[in-house]
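Comments concern the structure below.
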Amino acid sequence: MPIRTNRGRTAVYRRLWGYPLRSPRHLVGTLVFLALVITALGIGLPKMLGKPASAQPGAAPPNSSAGPRTGVAAPVPSTETLPTRLSQPLVTPTSAPPSPEAVNVARQWANAWVRHPAGISNADWLNGMRGLTTDEYLPVMSTVDPANIPATKVTGDPTVTQSYSSSVKVVVPTDGPKLSITVVKISAGWRVSDYDQAS
């Protein structure tokens with residue numbers, strides 16, 4: 001039986017495996033060499049093996065007479081025959097008599113808007129309008145600093161400028177700017193969804 005020594009195949013393998021670990025320069029050189037080999041194989045193998053006939057442009061698909069193929073999209077019909085996105089035409093809202101409840105909500109909201117004693121926080125100020133404002137508009141109102149509001153009282157009755165069945169725009173005079181308040185009808189009732197200041 002032959003005696004196994006550290007020479008021969010084992011020594012050669014140990015030399016190959018140990019070469020990259022001898023120094024950082026050997027490791028970087030080995031990694032670059034492997035990257036080049038992998039890139040060359042990735043480019044060269046597809047060219048040597050050739051592409052399938054169906055992948056070449058202009059080639060007839062295999063089994064084209066066998067019916068529809070799985071995984072292939074159906075042809076798109078002409079855009080003239082496609083239905084429009086809206087199934088019903090848009091309806092322009094028609095004017096309606098103003099809702100007394102909507103006008104009352106605008107009045108209450110304006111009274112809460114001008115009520116901001118010195119030192120009041122935004123959260124406390126908002127609490128006075130929370131039940132009168134839509135949930136979507138409350139985050140917008142949370143950016144307002146009550147100390148910057150240039151009015152302290154409502155000076156007259158609200159005036160309706162636009163009125164529809166589901167929204168009403170009301171102008172409320174104050175001792176500062178006039179408030180143009182939009183009140184909308186939601187499932188919970190009439191709520192303020194927007195306002196603007198006018199001189």
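Labeling convention for the structure tokens: chains A, B, ... as they appear, residues from 1 per chain, ligands from 1 in order of appearance.
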* To do: For range 30-36 of chain A, please output as a count of residues only all residues within 12 Å (counting only C-alpha atoms; exclusion window: fewer than 3 positions along the same chain).
  => 18
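The strand (DSSP E) portion of range 93-182 of chain A consists of Thr159, Val160, Thr161, Gln162, Ser163, Ser167, Val168, Lys169, Val170, Val171, Val172, Lys178, Leu179, Ser180, Ile181 and Thr182 of chain A, with states taken from DSSP on the backbone.
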* **Given only C-alpha atoms as the counted atoms, nearest of A:Val37, A:Val154, A:Val103, A:Met141 to Asp196 in chain A** => A:Met141
